[in-house]
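The next block is start-v3.pdb, given as PDB, C-alpha atoms and all ligand atoms.
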MODEL        1
ATOM      1  CA  MET A   1       2.121 -44.387 -48.150  1.00  0.00           C
ATOM      2  CA  PRO A   2      -0.525 -45.876 -45.798  1.00  0.00           C
ATOM      3  CA  LYS A   3      -2.694 -43.318 -44.070  1.00  0.00           C
ATOM      4  CA  VAL A   4      -5.064 -43.535 -41.123  1.00  0.00           C
ATOM      5  CA  LEU A   5      -7.894 -41.364 -39.841  1.00  0.00           C
ATOM      6  CA  LYS A   6      -9.343 -41.565 -36.371  1.00  0.00           C
ATOM      7  CA  CYS A   7     -12.919 -40.488 -36.866  1.00  0.00           C
ATOM      8  CA  GLY A   8     -12.996 -39.318 -33.244  1.00  0.00           C
ATOM      9  CA  ASP A   9     -10.622 -36.482 -34.208  1.00  0.00           C
ATOM     10  CA  VAL A  10     -13.386 -35.113 -36.448  1.00  0.00           C
ATOM     11  CA  MET A  11     -16.493 -36.527 -34.775  1.00  0.00           C
ATOM     12  CA  PRO A  12     -15.915 -36.540 -31.013  1.00  0.00           C
ATOM     13  CA  GLY A  13     -17.012 -39.806 -29.449  1.00  0.00           C
ATOM     14  CA  CYS A  14     -16.663 -41.957 -32.567  1.00  0.00           C
ATOM     15  CA  ALA A  15     -14.253 -44.866 -32.146  1.00  0.00           C
ATOM     16  CA  ALA A  16     -13.962 -45.744 -35.845  1.00  0.00           C
ATOM     17  CA  VAL A  17     -10.499 -45.878 -37.410  1.00  0.00           C
ATOM     18  CA  LEU A  18     -10.337 -45.659 -41.201  1.00  0.00           C
ATOM     19  CA  GLU A  19      -7.262 -46.821 -43.066  1.00  0.00           C
ATOM     20  CA  GLY A  20      -6.230 -46.554 -46.691  1.00  0.00           C
ATOM     21  CA  VAL A  21      -3.267 -46.801 -49.024  1.00  0.00           C
ATOM     22  CA  ASP A  22      -3.337 -43.033 -49.568  1.00  0.00           C
ATOM     23  CA  ASP A  23      -5.264 -39.870 -48.661  1.00  0.00           C
ATOM     24  CA  ALA A  24      -7.809 -40.460 -51.411  1.00  0.00           C
ATOM     25  CA  GLU A  25      -8.771 -43.908 -50.140  1.00  0.00           C
ATOM     26  CA  VAL A  26      -9.039 -42.687 -46.545  1.00  0.00           C
ATOM     27  CA  ILE A  27     -11.245 -39.787 -47.655  1.00  0.00           C
ATOM     28  CA  ARG A  28     -13.411 -42.167 -49.701  1.00  0.00           C
ATOM     29  CA  LYS A  29     -13.841 -44.483 -46.708  1.00  0.00           C
ATOM     30  CA  ALA A  30     -14.472 -41.531 -44.398  1.00  0.00           C
ATOM     31  CA  THR A  31     -17.184 -40.259 -46.740  1.00  0.00           C
ATOM     32  CA  GLU A  32     -18.896 -43.665 -46.761  1.00  0.00           C
ATOM     33  CA  HIS A  33     -18.503 -43.912 -42.980  1.00  0.00           C
ATOM     34  CA  ALA A  34     -20.009 -40.442 -42.501  1.00  0.00           C
ATOM     35  CA  LYS A  35     -23.028 -41.436 -44.585  1.00  0.00           C
ATOM     36  CA  THR A  36     -23.648 -44.762 -42.845  1.00  0.00           C
ATOM     37  CA  ALA A  37     -22.516 -44.067 -39.274  1.00  0.00           C
ATOM     38  CA  HIS A  38     -23.216 -40.341 -38.969  1.00  0.00           C
ATOM     39  CA  LYS A  39     -26.249 -40.062 -41.231  1.00  0.00           C
ATOM     40  CA  MET A  40     -24.668 -37.406 -43.418  1.00  0.00           C
ATOM     41  CA  VAL A  41     -26.241 -37.265 -46.872  1.00  0.00           C
ATOM     42  CA  THR A  42     -23.307 -35.228 -48.101  1.00  0.00           C
ATOM     43  CA  VAL A  43     -20.083 -34.302 -46.332  1.00  0.00           C
ATOM     44  CA  PRO A  44     -19.851 -30.507 -45.942  1.00  0.00           C
ATOM     45  CA  PRO A  45     -16.603 -28.819 -47.082  1.00  0.00           C
ATOM     46  CA  ASP A  46     -15.661 -27.773 -43.539  1.00  0.00           C
ATOM     47  CA  VAL A  47     -15.941 -31.377 -42.353  1.00  0.00           C
ATOM     48  CA  LEU A  48     -13.902 -32.528 -45.340  1.00  0.00           C
ATOM     49  CA  ASN A  49     -11.201 -30.020 -44.404  1.00  0.00           C
ATOM     50  CA  LYS A  50     -11.153 -31.395 -40.843  1.00  0.00           C
ATOM     51  CA  VAL A  51     -10.904 -34.923 -42.241  1.00  0.00           C
ATOM     52  CA  ARG A  52      -7.933 -33.938 -44.423  1.00  0.00           C
ATOM     53  CA  ALA A  53      -6.232 -32.245 -41.460  1.00  0.00           C
ATOM     54  CA  ALA A  54      -6.792 -35.268 -39.217  1.00  0.00           C
ATOM     55  CA  ILE A  55      -5.331 -37.868 -41.608  1.00  0.00           C
ATOM     56  CA  LYS A  56      -2.036 -39.198 -40.299  1.00  0.00           C
ATOM     57  CA  ILE A  57       0.663 -41.398 -41.762  1.00  0.00           C
ATOM     58  CA  LYS A  58       0.093 -44.879 -40.407  1.00  0.00           C
TER      59      LYS A  58
HETATM   60 ZN    ZN B   1     -17.305 -41.882 -37.187  1.00  0.00          ZN
ENDMDL
END
Any chance you could give the structure as structure tokens?
Amino acid sequence: MPKVLKCGDVMPGCAAVLEGVDDAEVIRKATEHAKTAHKMVTVPPDVLNKVRAAIKIK
């Protein structure tokens, strides 16, 4: 089931939209996006929880 994450729901002000075929792909893309766009070396567990909560069915 396709899923979508609006990064702005987790990182206010970010316009990026990350899509994937399932939660795992969206989380993987969000992790890469956080590293490149938000300069996170690692994604803290609380941010990961917010990411999971913000993922919607496309
Ligand atoms: Zn972002």
Worksheet item: Taking only C-alpha atoms and all ligand atoms into account, which residues are within 7 Å of ligand ZN 1 (chain B), as a list of chain:residue names?
Response: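 Going residue by residue within 7 Å of ligand ZN 1 (chain B), we get A:Cys7, A:Gly8, A:Met11, A:Cys14, A:Ala15, A:Ala16, A:His33, A:Ala34, A:Ala37, A:His38.
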Item to complete: Could you tell me which residues the PyMOL selection byres (((chain A and resi 53) around 12) and not hetatm) grabs in this file, written as a count of residues only?
Response: 21
Item to complete: With a distance cut-off of 10 Å and all atoms listed in the file, select the neighbouring residues of A:Val41, excluding the residue or stretch itself and same-chain residues fewer than 6 positions from it, and output the selection as an NGL selection string.
Response: :A and (31-32 or 34-35)
Practice prompt. Report the distance between atom CA of A:Leu18 and atom CA of A:Ala30 in Å, rounded to one decimal place.
Written response: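 Taking atom CA of A:Leu18 as the start and atom CA of A:Ala30 as the end point, the length is 6.7 Å.
Between atom CA of A:Arg28 and atom CA of A:Thr42 the separation is 12.2 Å.
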Padding 4 Å on every side, please: axis-aligned box over the listed atoms of stretch 52-58 of chain A, centre and edge lengths to one decimal in Å, as AutoDock Vina command-line options.
--center_x -3.6 --center_y -38.6 --center_z -41.8 --size_x 16.6 --size_y 20.6 --size_z 13.2
